[in-house]
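**Student:** Structure provided below as structure tokens; questions to follow.
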Amino acid sequence: MLRFANQPKTTRTRRLTRDGRDSEGEPIRVEIYDPVTGKTVDTDVEVTLTLRLGAGRGNLSGGTATAVRGVATFQDLSIDQPGLFTLEASSAGDKDSAVSQGFMVADTVETCTGPGCSFTETKGEHTYTTTPQQGRQGAEWASSANLPGVKVSCDFDPFFYPDDRQPNAIWYSYDDDTAKEIEIVIHKSLVDQTPDNAPSDYRVAYSSPVQFTDRTGSPAREDPWPDGPSAYFGTTWFTGLLPDCDPQNPVAPCVLEWADAGGNRVAKVLTPPGDPFIR
């Protein structure tokens, strides 16, 4: 039988997948073992890794290795697209396969250096900067724009907010229980092509596994899309346009402001602890 000797961790797109974050640590290893004794079998069979969760969303490289004394080591393992994945190990000489724990591949993977740390995701001419209110040294950050295979949209009743007004959907994860302020900069080149483009005409679409109050004042509804975050992550997510923040008592998630900055449209959004999508 097969088993993973170690587990893949979050890493950057096209970087080596290891058992430590951001390509740190050891290569992923798969053991061929005797289920009766639990001990590794001395064999040199070929073991293959394929994408299980996330198959079709990305391409896996370096997924074949020959075992040495029953251990196959995958030195050059990488995935060319961001997303949530699991690995499946198989061998022609073994009818049973093994599946790894889930892990993220992200365009941006960084570590907070302490109070005042911030993280920026850039897509084309547009930027998305997140600043934790209480940055903690060593806290881990990962983010990606437009994860393949997942739809984040508020183009549904009662909002019907067109996707083309917001150029990207940004997913992020931050492993600290702190609120965050996100600055979204939509470049003037897109603004100039958009009707009704005053700052007050823009909205922020938000999707989260934690229910929140949407712009109508009601609890956000479950994500309605068959290829939305709920289907992608396998748990219920909620989606809606964010309300404006109360100036005296802002309750996240909410929009602090939309402003004009040299023709760009700049939003400042307050988000609670958690790992949401923002569009």
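FYI, nothing fancy with the structure tokens labels: chains A, B, ... in order, residues from 1 per chain, ligands from 1 as they appear.
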Can you tell me which residues surround stretch 65-76 of chain A at a distance of at most 6 Å, considering only C-alpha atoms, apart from same-chain residues fewer than 3 positions away, and format the answer as a ChimeraX atom specification?
**Tutor:** /A:27-32,40-47,62
**Student:** Can you pull out every residue within 10 Å of A:Glu222, counting only C-alpha atoms, but drop anything in the same chain fewer than 2 positions away, and send it as a list in words?
**Tutor:**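 The filter keeps Ser207, Ser208, Pro209, Gln211, Pro219, Ala220, Pro224, Trp225, Pro229, Ser230, Thr236, Trp237, Phe238, Thr239 and Gly240 of chain A.
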**Student:** Show me, as a list in words, the residues that have an atom within 6 Å of A:Glu88 when counting only C-alpha atoms, minus same-chain residues fewer than 3 positions from it.
**Tutor:**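 Skipping anything fewer than 3 positions along the chain leaves Leu49, Thr50, Arg52, Ala98 and Val99 of chain A.
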**Student:** Now that the selection is made, can you save its residues with N, CA and C atoms as a short mmCIF file (atom, residue, chain, number, x, y, z; two decimals), in the first residue's frame?
**Tutor:**
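Result written to out-v5.cif:
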data_model
loop_
_atom_site.label_atom_id
_atom_site.label_comp_id
_atom_site.auth_asym_id
_atom_site.auth_seq_id
_atom_site.Cartn_x
_atom_site.Cartn_y
_atom_site.Cartn_z
N LEU A 49 2.36 10.71 -9.06
CA LEU A 49 1.46 11.67 -8.41
C LEU A 49 0.64 12.37 -9.48
N THR A 50 -0.65 12.51 -9.22
CA THR A 50 -1.54 13.28 -10.08
C THR A 50 -2.37 14.21 -9.20
N ARG A 52 -5.69 15.35 -7.67
CA ARG A 52 -7.01 14.78 -7.36
C ARG A 52 -8.00 15.95 -7.26
N ALA A 98 -3.19 6.66 -2.53
CA ALA A 98 -3.19 7.49 -1.33
C ALA A 98 -3.41 8.93 -1.75
N VAL A 99 -4.11 9.70 -0.91
CA VAL A 99 -4.43 11.09 -1.21
C VAL A 99 -3.85 11.98 -0.12
#
**Student:** Stretch 86-195 of chain A near stretch 257-279 of chain A within 10 Å: what's each residue's closest atom pair and its distance in Å to one decimal, counting only C-alpha atoms, ordered by chain then ascending residue number, as a tab-separated table?
**Tutor:**
residue	atom	partner	partner_atom	distance
A:His126	CA	A:Asn264	CA	9.3
A:Thr127	CA	A:Val266	CA	9.6
A:Tyr128	CA	A:Ala267	CA	9.5
A:Thr129	CA	A:Lys268	CA	9.5
A:Thr130	CA	A:Val269	CA	9.2
A:Thr131	CA	A:Leu270	CA	9.8
A:Pro132	CA	A:Thr271	CA	9.4
A:Gln133	CA	A:Leu270	CA	9.7
A:Ala142	CA	A:Asp275	CA	9.6
A:Ser143	CA	A:Asp275	CA	9.4
A:Ser144	CA	A:Phe277	CA	9.6
A:Ala145	CA	A:Phe277	CA	9.2
A:Asn146	CA	A:Phe277	CA	9.5
A:Leu147	CA	A:Phe277	CA	10.0
A:Val152	CA	A:Arg279	CA	7.3
A:Ser153	CA	A:Arg279	CA	7.6
A:Cys154	CA	A:Arg279	CA	8.9
A:Asp163	CA	A:Arg279	CA	8.4
A:Arg165	CA	A:Arg279	CA	9.3
A:Gln166	CA	A:Arg279	CA	6.0
A:Pro167	CA	A:Arg279	CA	7.7
A:Asn168	CA	A:Arg279	CA	6.0
A:Ala169	CA	A:Arg279	CA	4.4
A:Ile170	CA	A:Ile278	CA	5.2
A:Trp171	CA	A:Phe277	CA	4.3
A:Tyr172	CA	A:Asp275	CA	5.5
A:Ser173	CA	A:Asp275	CA	4.6
A:Tyr174	CA	A:Asp275	CA	6.6
A:Asp175	CA	A:Gly274	CA	8.2
A:Asp176	CA	A:Pro273	CA	7.3
A:Asp177	CA	A:Pro273	CA	5.0
A:Thr178	CA	A:Pro273	CA	5.0
A:Ala179	CA	A:Pro272	CA	4.4
A:Lys180	CA	A:Thr271	CA	5.2
A:Glu181	CA	A:Leu270	CA	4.7
A:Ile182	CA	A:Val269	CA	5.0
A:Glu183	CA	A:Lys268	CA	4.6
A:Ile184	CA	A:Ala267	CA	5.0
A:Val185	CA	A:Val266	CA	4.6
A:Ile186	CA	A:Arg265	CA	5.1
A:His187	CA	A:Asn264	CA	4.8
A:Lys188	CA	A:Asn264	CA	4.4
A:Ser189	CA	A:Asn264	CA	8.1
A:Leu190	CA	A:Asn264	CA	8.6
A:Val191	CA	A:Asn264	CA	6.8
A:Asp192	CA	A:Gly263	CA	8.2
**Student:** Please determine, counting only C-alpha atoms, which residue among A:Ala92, A:Leu84, A:Ala205, A:Leu16 has the shortest atom-to-atom distance to A:Ala106.
**Tutor:**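 Comparing A:Ala92, A:Leu84, A:Ala205, A:Leu16 against A:Ala106, the winner is A:Leu84.
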